[in-house]
file structure-v5.cif (mmCIF, N, CA, C and O atoms)
data_model
loop_
_atom_site.label_atom_id
_atom_site.label_comp_id
_atom_site.auth_asym_id
_atom_site.auth_seq_id
_atom_site.Cartn_x
_atom_site.Cartn_y
_atom_site.Cartn_z
N GLN A 8 -253.08 -67.94 -81.36
CA GLN A 8 -251.72 -67.72 -80.92
C GLN A 8 -250.88 -67.18 -82.06
O GLN A 8 -250.15 -66.23 -81.90
N LYS A 9 -250.98 -67.81 -83.22
CA LYS A 9 -250.16 -67.38 -84.35
C LYS A 9 -250.56 -65.99 -84.82
O LYS A 9 -249.71 -65.19 -85.19
N SER A 10 -251.87 -65.67 -84.79
CA SER A 10 -252.30 -64.34 -85.22
C SER A 10 -251.77 -63.26 -84.27
O SER A 10 -251.51 -62.14 -84.69
N GLN A 11 -251.61 -63.60 -83.00
CA GLN A 11 -251.03 -62.67 -82.03
C GLN A 11 -249.58 -62.39 -82.39
O GLN A 11 -249.11 -61.26 -82.26
N PHE A 12 -248.86 -63.41 -82.87
CA PHE A 12 -247.46 -63.22 -83.23
C PHE A 12 -247.31 -62.36 -84.48
O PHE A 12 -246.23 -61.80 -84.71
N VAL A 13 -248.36 -62.22 -85.28
CA VAL A 13 -248.31 -61.29 -86.41
C VAL A 13 -248.14 -59.87 -85.87
O VAL A 13 -247.30 -59.10 -86.36
N ARG A 14 -248.88 -59.55 -84.83
CA ARG A 14 -248.75 -58.23 -84.19
C ARG A 14 -247.39 -58.08 -83.53
O ARG A 14 -246.76 -57.03 -83.61
N PHE A 15 -246.94 -59.14 -82.86
CA PHE A 15 -245.64 -59.09 -82.19
C PHE A 15 -244.50 -58.89 -83.19
O PHE A 15 -243.56 -58.15 -82.93
N ALA A 16 -244.59 -59.58 -84.33
CA ALA A 16 -243.54 -59.48 -85.35
C ALA A 16 -243.47 -58.07 -85.93
O ALA A 16 -242.39 -57.61 -86.32
N GLU A 17 -244.59 -57.39 -85.97
CA GLU A 17 -244.62 -56.02 -86.53
C GLU A 17 -243.83 -55.05 -85.67
O GLU A 17 -243.29 -54.06 -86.18
N VAL A 18 -243.74 -55.30 -84.37
CA VAL A 18 -243.02 -54.40 -83.47
C VAL A 18 -241.81 -55.09 -82.82
O VAL A 18 -241.34 -54.67 -81.77
N CYS A 19 -241.33 -56.12 -83.47
CA CYS A 19 -240.19 -56.88 -82.96
C CYS A 19 -239.01 -55.95 -82.66
O CYS A 19 -238.65 -55.12 -83.49
N PRO A 20 -238.41 -56.08 -81.46
CA PRO A 20 -237.27 -55.21 -81.13
C PRO A 20 -236.10 -55.35 -82.10
O PRO A 20 -235.31 -54.43 -82.25
N LEU A 21 -235.99 -56.48 -82.77
CA LEU A 21 -234.90 -56.69 -83.72
C LEU A 21 -235.05 -55.84 -84.98
O LEU A 21 -234.09 -55.71 -85.74
N LYS A 22 -236.23 -55.26 -85.19
CA LYS A 22 -236.42 -54.38 -86.35
C LYS A 22 -235.52 -53.16 -86.27
O LYS A 22 -235.16 -52.59 -87.28
N GLU A 23 -235.15 -52.78 -85.06
CA GLU A 23 -234.23 -51.65 -84.86
C GLU A 23 -232.87 -51.94 -85.50
O GLU A 23 -232.13 -51.02 -85.82
N PHE A 24 -232.54 -53.23 -85.65
CA PHE A 24 -231.26 -53.63 -86.22
C PHE A 24 -231.41 -54.12 -87.66
O PHE A 24 -230.49 -54.73 -88.20
N GLY A 25 -232.58 -53.88 -88.25
CA GLY A 25 -232.79 -54.23 -89.65
C GLY A 25 -233.27 -55.65 -89.89
O GLY A 25 -233.29 -56.11 -91.03
N PHE A 26 -233.68 -56.37 -88.85
CA PHE A 26 -234.16 -57.74 -89.00
C PHE A 26 -235.66 -57.77 -88.76
O PHE A 26 -236.11 -57.48 -87.65
N ALA A 27 -236.42 -58.10 -89.80
CA ALA A 27 -237.88 -58.18 -89.69
C ALA A 27 -238.30 -59.64 -89.86
O ALA A 27 -238.36 -60.14 -90.98
N PRO A 28 -238.57 -60.34 -88.75
CA PRO A 28 -238.89 -61.77 -88.86
C PRO A 28 -240.28 -62.03 -89.41
O PRO A 28 -241.19 -61.23 -89.25
N GLU A 29 -240.43 -63.17 -90.05
CA GLU A 29 -241.74 -63.64 -90.50
C GLU A 29 -242.42 -64.21 -89.25
O GLU A 29 -241.79 -64.89 -88.44
N PRO A 30 -243.71 -63.90 -89.03
CA PRO A 30 -244.38 -64.28 -87.77
C PRO A 30 -244.28 -65.76 -87.39
O PRO A 30 -244.04 -66.08 -86.24
N GLY A 31 -244.46 -66.65 -88.35
CA GLY A 31 -244.38 -68.08 -88.04
C GLY A 31 -243.00 -68.49 -87.58
O GLY A 31 -242.85 -69.24 -86.60
N GLN A 32 -241.98 -68.00 -88.25
CA GLN A 32 -240.61 -68.31 -87.86
C GLN A 32 -240.27 -67.66 -86.52
O GLN A 32 -239.54 -68.25 -85.71
N TYR A 33 -240.78 -66.47 -86.30
CA TYR A 33 -240.57 -65.77 -85.03
C TYR A 33 -241.17 -66.57 -83.88
O TYR A 33 -240.53 -66.77 -82.83
N LEU A 34 -242.38 -67.06 -84.08
CA LEU A 34 -243.07 -67.89 -83.09
C LEU A 34 -242.25 -69.13 -82.76
O LEU A 34 -242.02 -69.45 -81.58
N GLU A 35 -241.78 -69.83 -83.79
CA GLU A 35 -241.01 -71.05 -83.58
C GLU A 35 -239.67 -70.76 -82.90
O GLU A 35 -239.25 -71.48 -81.99
N ALA A 36 -238.99 -69.73 -83.34
CA ALA A 36 -237.68 -69.40 -82.77
C ALA A 36 -237.80 -69.05 -81.29
O ALA A 36 -237.02 -69.55 -80.46
N VAL A 37 -238.77 -68.21 -80.95
CA VAL A 37 -238.96 -67.84 -79.55
C VAL A 37 -239.39 -69.05 -78.72
O VAL A 37 -238.86 -69.28 -77.62
N GLY A 38 -240.29 -69.84 -79.25
CA GLY A 38 -240.76 -71.03 -78.53
C GLY A 38 -239.67 -72.03 -78.25
O GLY A 38 -239.51 -72.51 -77.12
N TRP A 39 -238.89 -72.37 -79.27
CA TRP A 39 -237.80 -73.33 -79.08
C TRP A 39 -236.72 -72.77 -78.15
O TRP A 39 -236.18 -73.50 -77.31
N THR A 40 -236.42 -71.50 -78.31
CA THR A 40 -235.40 -70.89 -77.45
C THR A 40 -235.86 -70.93 -75.99
O THR A 40 -235.08 -71.28 -75.09
N GLU A 41 -237.12 -70.59 -75.74
CA GLU A 41 -237.65 -70.63 -74.38
C GLU A 41 -237.64 -72.05 -73.83
O GLU A 41 -237.28 -72.26 -72.66
N ALA A 42 -238.03 -73.02 -74.64
CA ALA A 42 -238.10 -74.41 -74.18
C ALA A 42 -236.70 -74.95 -73.83
O ALA A 42 -236.50 -75.53 -72.75
N VAL A 43 -235.75 -74.75 -74.72
CA VAL A 43 -234.40 -75.24 -74.48
C VAL A 43 -233.76 -74.52 -73.29
O VAL A 43 -233.17 -75.15 -72.41
N ALA A 44 -233.88 -73.20 -73.26
CA ALA A 44 -233.29 -72.43 -72.16
C ALA A 44 -233.96 -72.80 -70.84
O ALA A 44 -233.28 -72.88 -69.81
N GLY A 45 -235.26 -73.02 -70.85
CA GLY A 45 -235.96 -73.42 -69.62
C GLY A 45 -235.49 -74.77 -69.11
O GLY A 45 -235.29 -74.95 -67.90
N LEU A 46 -235.31 -75.73 -70.02
CA LEU A 46 -234.81 -77.04 -69.60
C LEU A 46 -233.38 -76.95 -69.07
O LEU A 46 -233.05 -77.57 -68.06
N LEU A 47 -232.55 -76.16 -69.74
CA LEU A 47 -231.18 -75.99 -69.26
C LEU A 47 -231.15 -75.26 -67.92
O LEU A 47 -230.31 -75.56 -67.06
N LEU A 48 -232.05 -74.31 -67.74
CA LEU A 48 -232.12 -73.59 -66.46
C LEU A 48 -232.51 -74.54 -65.33
O LEU A 48 -231.98 -74.47 -64.23
N ALA A 49 -233.41 -75.46 -65.63
CA ALA A 49 -233.89 -76.38 -64.60
C ALA A 49 -232.93 -77.54 -64.34
O ALA A 49 -232.74 -77.94 -63.19
N PHE A 50 -232.30 -78.06 -65.40
CA PHE A 50 -231.56 -79.31 -65.24
C PHE A 50 -230.10 -79.24 -65.66
O PHE A 50 -229.37 -80.22 -65.50
N GLY A 51 -229.65 -78.12 -66.21
CA GLY A 51 -228.29 -78.03 -66.72
C GLY A 51 -227.26 -77.75 -65.65
O GLY A 51 -227.59 -77.44 -64.50
N PRO A 52 -225.99 -77.86 -66.03
CA PRO A 52 -224.92 -77.49 -65.10
C PRO A 52 -224.91 -75.99 -64.85
O PRO A 52 -225.55 -75.23 -65.57
N GLN A 53 -224.17 -75.57 -63.84
CA GLN A 53 -224.19 -74.18 -63.38
C GLN A 53 -223.95 -73.17 -64.51
O GLN A 53 -224.67 -72.19 -64.63
N LEU A 54 -222.94 -73.39 -65.34
CA LEU A 54 -222.63 -72.45 -66.41
C LEU A 54 -223.79 -72.31 -67.38
O LEU A 54 -224.18 -71.19 -67.76
N LEU A 55 -224.37 -73.44 -67.79
CA LEU A 55 -225.50 -73.38 -68.71
C LEU A 55 -226.74 -72.78 -68.06
O LEU A 55 -227.56 -72.15 -68.73
N GLN A 56 -226.89 -72.95 -66.76
CA GLN A 56 -228.00 -72.31 -66.05
C GLN A 56 -227.86 -70.80 -66.10
O GLN A 56 -228.83 -70.08 -66.31
N GLU A 57 -226.65 -70.31 -65.92
CA GLU A 57 -226.42 -68.86 -65.96
C GLU A 57 -226.66 -68.31 -67.36
O GLU A 57 -227.27 -67.25 -67.53
N ILE A 58 -226.19 -69.03 -68.37
CA ILE A 58 -226.42 -68.59 -69.76
C ILE A 58 -227.91 -68.62 -70.07
O ILE A 58 -228.44 -67.68 -70.68
N SER A 59 -228.60 -69.67 -69.65
CA SER A 59 -230.04 -69.79 -69.89
C SER A 59 -230.81 -68.68 -69.19
O SER A 59 -231.76 -68.13 -69.75
N ASN A 60 -230.40 -68.35 -67.98
CA ASN A 60 -231.04 -67.26 -67.25
C ASN A 60 -230.91 -65.96 -68.03
O ASN A 60 -231.87 -65.21 -68.16
N PHE A 61 -229.72 -65.70 -68.56
CA PHE A 61 -229.50 -64.49 -69.35
C PHE A 61 -230.37 -64.49 -70.60
O PHE A 61 -231.03 -63.49 -70.92
N VAL A 62 -230.40 -65.61 -71.32
CA VAL A 62 -231.19 -65.71 -72.55
C VAL A 62 -232.67 -65.49 -72.26
O VAL A 62 -233.35 -64.72 -72.96
N LEU A 63 -233.18 -66.14 -71.23
CA LEU A 63 -234.59 -65.97 -70.87
C LEU A 63 -234.89 -64.54 -70.40
O LEU A 63 -235.96 -64.00 -70.69
N SER A 64 -233.94 -63.92 -69.72
CA SER A 64 -234.13 -62.53 -69.29
C SER A 64 -234.23 -61.61 -70.50
O SER A 64 -235.08 -60.71 -70.54
N VAL A 65 -233.38 -61.83 -71.50
CA VAL A 65 -233.44 -61.03 -72.72
C VAL A 65 -234.77 -61.22 -73.44
O VAL A 65 -235.39 -60.26 -73.90
N ILE A 66 -235.24 -62.46 -73.49
CA ILE A 66 -236.54 -62.73 -74.12
C ILE A 66 -237.66 -62.02 -73.36
O ILE A 66 -238.57 -61.43 -73.96
N MET A 67 -237.62 -62.05 -72.02
CA MET A 67 -238.65 -61.38 -71.24
C MET A 67 -238.60 -59.86 -71.42
O MET A 67 -239.64 -59.20 -71.48
N ILE A 68 -237.40 -59.30 -71.50
CA ILE A 68 -237.28 -57.86 -71.76
C ILE A 68 -237.88 -57.54 -73.12
O ILE A 68 -238.61 -56.55 -73.28
N GLY A 69 -237.61 -58.38 -74.11
CA GLY A 69 -238.20 -58.19 -75.44
C GLY A 69 -239.71 -58.31 -75.41
O GLY A 69 -240.42 -57.55 -76.09
N ALA A 70 -240.21 -59.24 -74.62
CA ALA A 70 -241.66 -59.41 -74.51
C ALA A 70 -242.31 -58.19 -73.87
O ALA A 70 -243.35 -57.70 -74.33
N ILE A 71 -241.70 -57.68 -72.81
CA ILE A 71 -242.23 -56.49 -72.14
C ILE A 71 -242.19 -55.30 -73.09
O ILE A 71 -243.17 -54.55 -73.20
N TYR A 72 -241.09 -55.13 -73.80
CA TYR A 72 -240.98 -54.05 -74.79
C TYR A 72 -242.09 -54.15 -75.83
O TYR A 72 -242.77 -53.17 -76.13
N THR A 73 -242.28 -55.35 -76.35
CA THR A 73 -243.31 -55.57 -77.37
C THR A 73 -244.69 -55.23 -76.84
O THR A 73 -245.47 -54.54 -77.52
N LEU A 74 -245.01 -55.69 -75.64
CA LEU A 74 -246.33 -55.42 -75.07
C LEU A 74 -246.54 -53.94 -74.79
O LEU A 74 -247.64 -53.42 -74.98
N LEU A 75 -245.49 -53.26 -74.35
CA LEU A 75 -245.62 -51.82 -74.10
C LEU A 75 -245.79 -51.04 -75.39
O LEU A 75 -246.59 -50.10 -75.45
N VAL A 76 -245.07 -51.43 -76.44
CA VAL A 76 -245.22 -50.75 -77.74
C VAL A 76 -246.63 -50.96 -78.29
O VAL A 76 -247.21 -50.05 -78.89
N LEU A 77 -247.19 -52.15 -78.06
CA LEU A 77 -248.56 -52.44 -78.51
C LEU A 77 -249.61 -51.84 -77.58
O LEU A 77 -250.81 -52.01 -77.82
N ARG A 78 -249.16 -51.16 -76.52
CA ARG A 78 -250.06 -50.52 -75.55
C ARG A 78 -251.05 -51.50 -74.93
O ARG A 78 -252.24 -51.21 -74.79
N GLU A 79 -250.52 -52.65 -74.54
CA GLU A 79 -251.35 -53.65 -73.86
C GLU A 79 -251.56 -53.21 -72.42
O GLU A 79 -250.82 -52.39 -71.88
N THR A 80 -252.57 -53.77 -71.78
CA THR A 80 -252.89 -53.41 -70.40
C THR A 80 -251.83 -53.97 -69.45
O THR A 80 -251.06 -54.86 -69.79
N LEU A 81 -251.83 -53.44 -68.24
CA LEU A 81 -250.89 -53.89 -67.22
C LEU A 81 -251.09 -55.37 -66.91
O LEU A 81 -250.12 -56.09 -66.66
N ALA A 82 -252.32 -55.84 -66.95
CA ALA A 82 -252.60 -57.25 -66.67
C ALA A 82 -251.95 -58.16 -67.71
O ALA A 82 -251.55 -59.28 -67.38
N ILE A 83 -251.82 -57.70 -68.93
CA ILE A 83 -251.18 -58.49 -69.98
C ILE A 83 -249.66 -58.46 -69.81
O ILE A 83 -248.97 -59.43 -70.09
N CYS A 84 -249.12 -57.35 -69.34
CA CYS A 84 -247.67 -57.21 -69.14
C CYS A 84 -247.19 -57.89 -67.86
O CYS A 84 -246.00 -58.21 -67.74
N ALA A 85 -248.08 -58.12 -66.91
CA ALA A 85 -247.68 -58.64 -65.60
C ALA A 85 -246.97 -60.00 -65.65
O ALA A 85 -245.95 -60.16 -64.96
N PRO A 86 -247.43 -60.99 -66.41
CA PRO A 86 -246.72 -62.28 -66.40
C PRO A 86 -245.27 -62.18 -66.86
O PRO A 86 -244.38 -62.77 -66.24
N ALA A 87 -245.03 -61.45 -67.93
CA ALA A 87 -243.65 -61.30 -68.41
C ALA A 87 -242.80 -60.54 -67.39
O ALA A 87 -241.64 -60.88 -67.17
N THR A 88 -243.39 -59.54 -66.76
CA THR A 88 -242.68 -58.76 -65.74
C THR A 88 -242.35 -59.64 -64.53
O THR A 88 -241.24 -59.58 -63.99
N LEU A 89 -243.31 -60.44 -64.12
CA LEU A 89 -243.09 -61.35 -62.99
C LEU A 89 -242.00 -62.37 -63.32
O LEU A 89 -241.10 -62.62 -62.50
N CYS A 90 -242.05 -62.94 -64.52
CA CYS A 90 -241.02 -63.90 -64.93
C CYS A 90 -239.64 -63.25 -64.95
O CYS A 90 -238.66 -63.85 -64.49
N LEU A 91 -239.56 -62.04 -65.47
CA LEU A 91 -238.28 -61.33 -65.49
C LEU A 91 -237.79 -61.09 -64.06
O LEU A 91 -236.61 -61.30 -63.76
N GLY A 92 -238.68 -60.69 -63.18
CA GLY A 92 -238.30 -60.48 -61.79
C GLY A 92 -237.78 -61.75 -61.13
O GLY A 92 -236.78 -61.72 -60.41
N LEU A 93 -238.44 -62.87 -61.39
CA LEU A 93 -237.99 -64.15 -60.83
C LEU A 93 -236.64 -64.57 -61.40
O LEU A 93 -235.79 -65.09 -60.68
N LEU A 94 -236.44 -64.34 -62.69
CA LEU A 94 -235.15 -64.67 -63.31
C LEU A 94 -234.03 -63.81 -62.72
O LEU A 94 -232.94 -64.32 -62.43
N LEU A 95 -234.30 -62.53 -62.52
CA LEU A 95 -233.29 -61.65 -61.92
C LEU A 95 -233.01 -62.04 -60.47
O LEU A 95 -231.87 -62.03 -60.03
N LEU A 96 -234.06 -62.41 -59.75
CA LEU A 96 -233.89 -62.87 -58.37
C LEU A 96 -233.05 -64.14 -58.32
O LEU A 96 -232.15 -64.28 -57.49
N LEU A 97 -233.33 -65.05 -59.22
CA LEU A 97 -232.56 -66.29 -59.31
C LEU A 97 -231.11 -65.98 -59.64
O LEU A 97 -230.19 -66.59 -59.08
N ASN A 98 -230.88 -65.03 -60.51
CA ASN A 98 -229.53 -64.64 -60.89
C ASN A 98 -228.78 -64.03 -59.71
O ASN A 98 -227.63 -64.37 -59.45
N ILE A 99 -229.44 -63.14 -58.98
CA ILE A 99 -228.81 -62.50 -57.82
C ILE A 99 -228.56 -63.52 -56.72
O ILE A 99 -227.48 -63.57 -56.13
N ARG A 100 -229.53 -64.34 -56.45
CA ARG A 100 -229.41 -65.34 -55.39
C ARG A 100 -228.34 -66.37 -55.73
O ARG A 100 -227.66 -66.89 -54.86
N GLY A 101 -228.17 -66.67 -57.01
CA GLY A 101 -227.17 -67.65 -57.43
C GLY A 101 -225.75 -67.13 -57.28
O GLY A 101 -224.80 -67.90 -57.30
N HIS A 102 -225.57 -65.82 -57.09
CA HIS A 102 -224.24 -65.24 -56.94
C HIS A 102 -223.93 -64.86 -55.50
O HIS A 102 -223.08 -64.03 -55.25
N ALA A 103 -224.63 -65.44 -54.56
CA ALA A 103 -224.38 -65.14 -53.14
C ALA A 103 -222.99 -65.65 -52.75
O ALA A 103 -222.49 -66.62 -53.29
N ALA A 104 -222.39 -64.97 -51.79
CA ALA A 104 -221.07 -65.38 -51.32
C ALA A 104 -221.17 -66.75 -50.66
O ALA A 104 -222.11 -67.03 -49.93
N PRO A 105 -220.20 -67.61 -50.94
CA PRO A 105 -220.25 -68.95 -50.35
C PRO A 105 -220.09 -68.87 -48.83
O PRO A 105 -219.32 -68.07 -48.31
N THR A 106 -220.83 -69.71 -48.14
CA THR A 106 -220.75 -69.74 -46.67
C THR A 106 -219.63 -70.66 -46.24
O THR A 106 -219.32 -71.64 -46.92
N LYS A 107 -219.06 -70.35 -45.10
CA LYS A 107 -217.93 -71.18 -44.60
C LYS A 107 -218.40 -72.20 -43.59
O LYS A 107 -219.32 -72.08 -42.90
#
call {"tool": "encode", "arguments": {"input": "structure-v5.cif", "output": "C-alpha coordinates"}}
result
Amino acid sequence: QKSQFVRFAEVCPLKEFGFAPEPGQYLEAVGWTEAVAGLLLAFGPQLLQEISNFVLSVIMIGAIYTLLVLRETLAICAPATLCLGLLLLLNIRGHAAPTK
(Lines of atoms letter the chains of each structure in order from A and count residues from 1; the text may use other names and numbers.)
(Lines give C-alpha, C1' and ligand atoms only; values in the text may rest on other atoms or scores of the structure.)
Protein backbone atom coordinates (compact mmCIF):
# COMPACT_ATOMS: atom_id res chain seq x y z
CA GLN A 1 0.00 0.00 0.00
CA LYS A 2 2.72 2.46 0.95
CA SER A 3 4.76 1.68 -2.19
CA GLN A 4 1.66 2.49 -4.26
CA PHE A 5 1.49 5.90 -2.58
CA VAL A 6 5.04 6.60 -3.77
CA ARG A 7 3.65 6.53 -7.31
CA PHE A 8 0.61 8.56 -6.27
CA ALA A 9 2.77 11.21 -4.59
CA GLU A 10 4.82 11.62 -7.78
CA VAL A 11 1.72 12.75 -9.70
CA CYS A 12 -0.12 14.42 -6.83
CA PRO A 13 -2.51 17.10 -8.16
CA LEU A 14 -1.15 19.50 -5.53
CA LYS A 15 2.19 19.55 -7.38
CA GLU A 16 0.54 21.99 -9.79
CA PHE A 17 0.47 24.45 -6.87
CA GLY A 18 4.06 23.80 -5.79
CA PHE A 19 3.32 21.29 -3.01
CA ALA A 20 5.12 17.95 -3.32
CA PRO A 21 4.09 15.69 -0.42
CA GLU A 22 6.24 12.96 1.07
CA PRO A 23 4.49 9.61 0.32
CA GLY A 24 4.10 8.51 3.95
CA GLN A 25 2.62 11.83 5.03
CA TYR A 26 0.42 11.88 1.94
CA LEU A 27 -0.90 8.42 2.81
CA GLU A 28 -1.68 9.45 6.39
CA ALA A 29 -3.25 12.77 5.44
CA VAL A 30 -5.55 11.22 2.84
CA GLY A 31 -6.43 8.31 5.12
CA TRP A 32 -7.30 10.45 8.14
CA THR A 33 -9.21 12.94 6.01
CA GLU A 34 -11.26 10.14 4.43
CA ALA A 35 -11.93 8.51 7.81
CA VAL A 36 -13.03 11.70 9.56
CA ALA A 37 -15.07 12.95 6.60
CA GLY A 38 -16.70 9.52 6.23
CA LEU A 39 -17.72 9.45 9.89
CA LEU A 40 -19.07 12.98 9.69
CA LEU A 41 -20.94 12.11 6.50
CA ALA A 42 -22.55 9.13 8.20
CA PHE A 43 -23.23 10.52 11.66
CA GLY A 44 -22.74 14.30 11.64
CA PRO A 45 -25.27 17.09 11.53
CA GLN A 46 -26.55 18.32 8.16
CA LEU A 47 -23.97 21.10 7.71
CA LEU A 48 -21.03 18.82 8.48
CA GLN A 49 -22.49 16.15 6.19
CA GLU A 50 -22.51 18.63 3.32
CA ILE A 51 -18.95 19.75 4.05
CA SER A 52 -17.82 16.11 4.33
CA ASN A 53 -19.50 15.27 1.04
CA PHE A 54 -17.60 18.11 -0.64
CA VAL A 55 -14.27 17.06 0.92
CA LEU A 56 -14.74 13.42 -0.10
CA SER A 57 -15.77 14.48 -3.60
CA VAL A 58 -12.57 16.51 -3.96
CA ILE A 59 -10.53 13.53 -2.76
CA MET A 60 -12.26 11.24 -5.28
CA ILE A 61 -11.64 13.72 -8.10
CA GLY A 62 -7.98 13.79 -7.06
CA ALA A 63 -7.89 10.00 -6.99
CA ILE A 64 -9.40 9.74 -10.48
CA TYR A 65 -6.95 12.36 -11.77
CA THR A 66 -4.04 10.47 -10.25
CA LEU A 67 -5.14 7.13 -11.71
CA LEU A 68 -5.67 8.64 -15.16
CA VAL A 69 -2.24 10.32 -15.12
CA LEU A 70 -0.70 6.96 -14.15
CA ARG A 71 -2.61 5.39 -17.07
CA GLU A 72 -4.28 2.78 -14.89
CA THR A 73 -6.93 0.51 -16.37
CA LEU A 74 -10.63 1.32 -16.27
CA ALA A 75 -11.14 -1.43 -13.68
CA ILE A 76 -8.76 0.38 -11.33
CA CYS A 77 -10.49 3.75 -11.89
CA ALA A 78 -14.01 2.33 -11.46
CA PRO A 79 -14.21 2.30 -7.62
CA ALA A 80 -13.20 5.95 -7.28
CA THR A 81 -15.57 6.90 -10.11
CA LEU A 82 -18.42 4.97 -8.50
CA CYS A 83 -17.75 6.59 -5.11
CA LEU A 84 -17.71 10.04 -6.71
CA GLY A 85 -20.99 9.28 -8.47
CA LEU A 86 -22.61 8.16 -5.21
CA LEU A 87 -21.34 11.26 -3.40
CA LEU A 88 -22.74 13.51 -6.12
CA LEU A 89 -26.04 11.62 -6.05
CA LEU A 90 -26.19 12.03 -2.29
CA ASN A 91 -25.45 15.74 -2.69
CA ILE A 92 -28.18 16.22 -5.31
CA ARG A 93 -30.72 14.13 -3.42
CA GLY A 94 -29.97 16.02 -0.20
CA HIS A 95 -30.99 19.30 -1.87
CA ALA A 96 -34.45 18.17 -2.98
CA ALA A 97 -37.28 20.61 -2.43
CA PRO A 98 -39.06 19.99 0.87
CA THR A 99 -42.44 18.29 0.53
CA LYS A 100 -45.55 19.85 2.03
call {"tool": "residues_around", "arguments": {"input": "structure-v5.cif", "residues": "range 22-30 of chain A", "least_positions_apart": "3", "cutoff": "8 Å", "atoms": "all atoms listed in the file", "output": "list of chain:residue names"}}
result
A:Gln8, A:Lys9, A:Ser10, A:Gln11, A:Phe12, A:Val13, A:Arg14, A:Phe15, A:Ala16, A:Glu17, A:Val18, A:Cys19, A:Tyr33, A:Leu34, A:Glu35, A:Ala36, A:Val37
call {"tool": "resolve_selection", "arguments": {"input": "structure-v5.cif", "expression": "the PyMOL selection byres ((chain A and resi 39-47) around 7)", "output": "list in words"}}
result
Tyr33, Leu34, Glu35, Ala36, Val37, Gly38, Leu48, Ala49, Phe50, Gly51, Pro52, Gln53, Leu55, Gln56, Glu57, Ile58, Ser59, Asn60, Val62 and Leu63 of chain A
call {"tool": "closest_atom_pairs", "arguments": {"input": "structure-v5.cif", "of": "range 44-72 of chain A", "to": "range 79-93 of chain A", "cutoff": "8 Å", "atoms": "all atoms listed in the file", "output": "tab-separated table"}}
result
residue	atom	partner	partner_atom	distance
A:Asn60	O	A:Leu91	O	7.6
A:Leu63	O	A:Leu91	CA	6.3
A:Ser64	CA	A:Leu91	CA	5.8
A:Val65	N	A:Leu91	CA	7.8
A:Ile66	C	A:Ala87	O	7.4
A:Met67	O	A:Ala87	O	5.0
A:Ile68	N	A:Ala87	O	6.3
A:Ala70	C	A:Ala87	CA	6.4
A:Ile71	N	A:Ala87	CA	6.0
A:Tyr72	O	A:Glu79	N	7.9
call {"tool": "atom_distance", "arguments": {"input": "structure-v5.cif", "atom1": "CA of Val76 in chain A", "atom2": "CA of Leu97 in chain A"}}
result
27.2 Å
call {"tool": "select_by_dssp", "arguments": {"input": "structure-v5.cif", "residues": "range 19-69 of chain A", "states": "alpha helix (DSSP H)", "output": "number ranges by chain"}}
result
A: 30-50, 53-69
call {"tool": "atom_distance", "arguments": {"input": "structure-v5.cif", "atom1": "CA of Thr73 in chain A", "atom2": "CA of Pro20 in chain A"}}
result
7.1 Å
call {"tool": "atom_distance", "arguments": {"input": "structure-v5.cif", "atom1": "CA of Leu95 in chain A", "atom2": "atom O of Leu74 in chain A"}}
result
21.1 Å
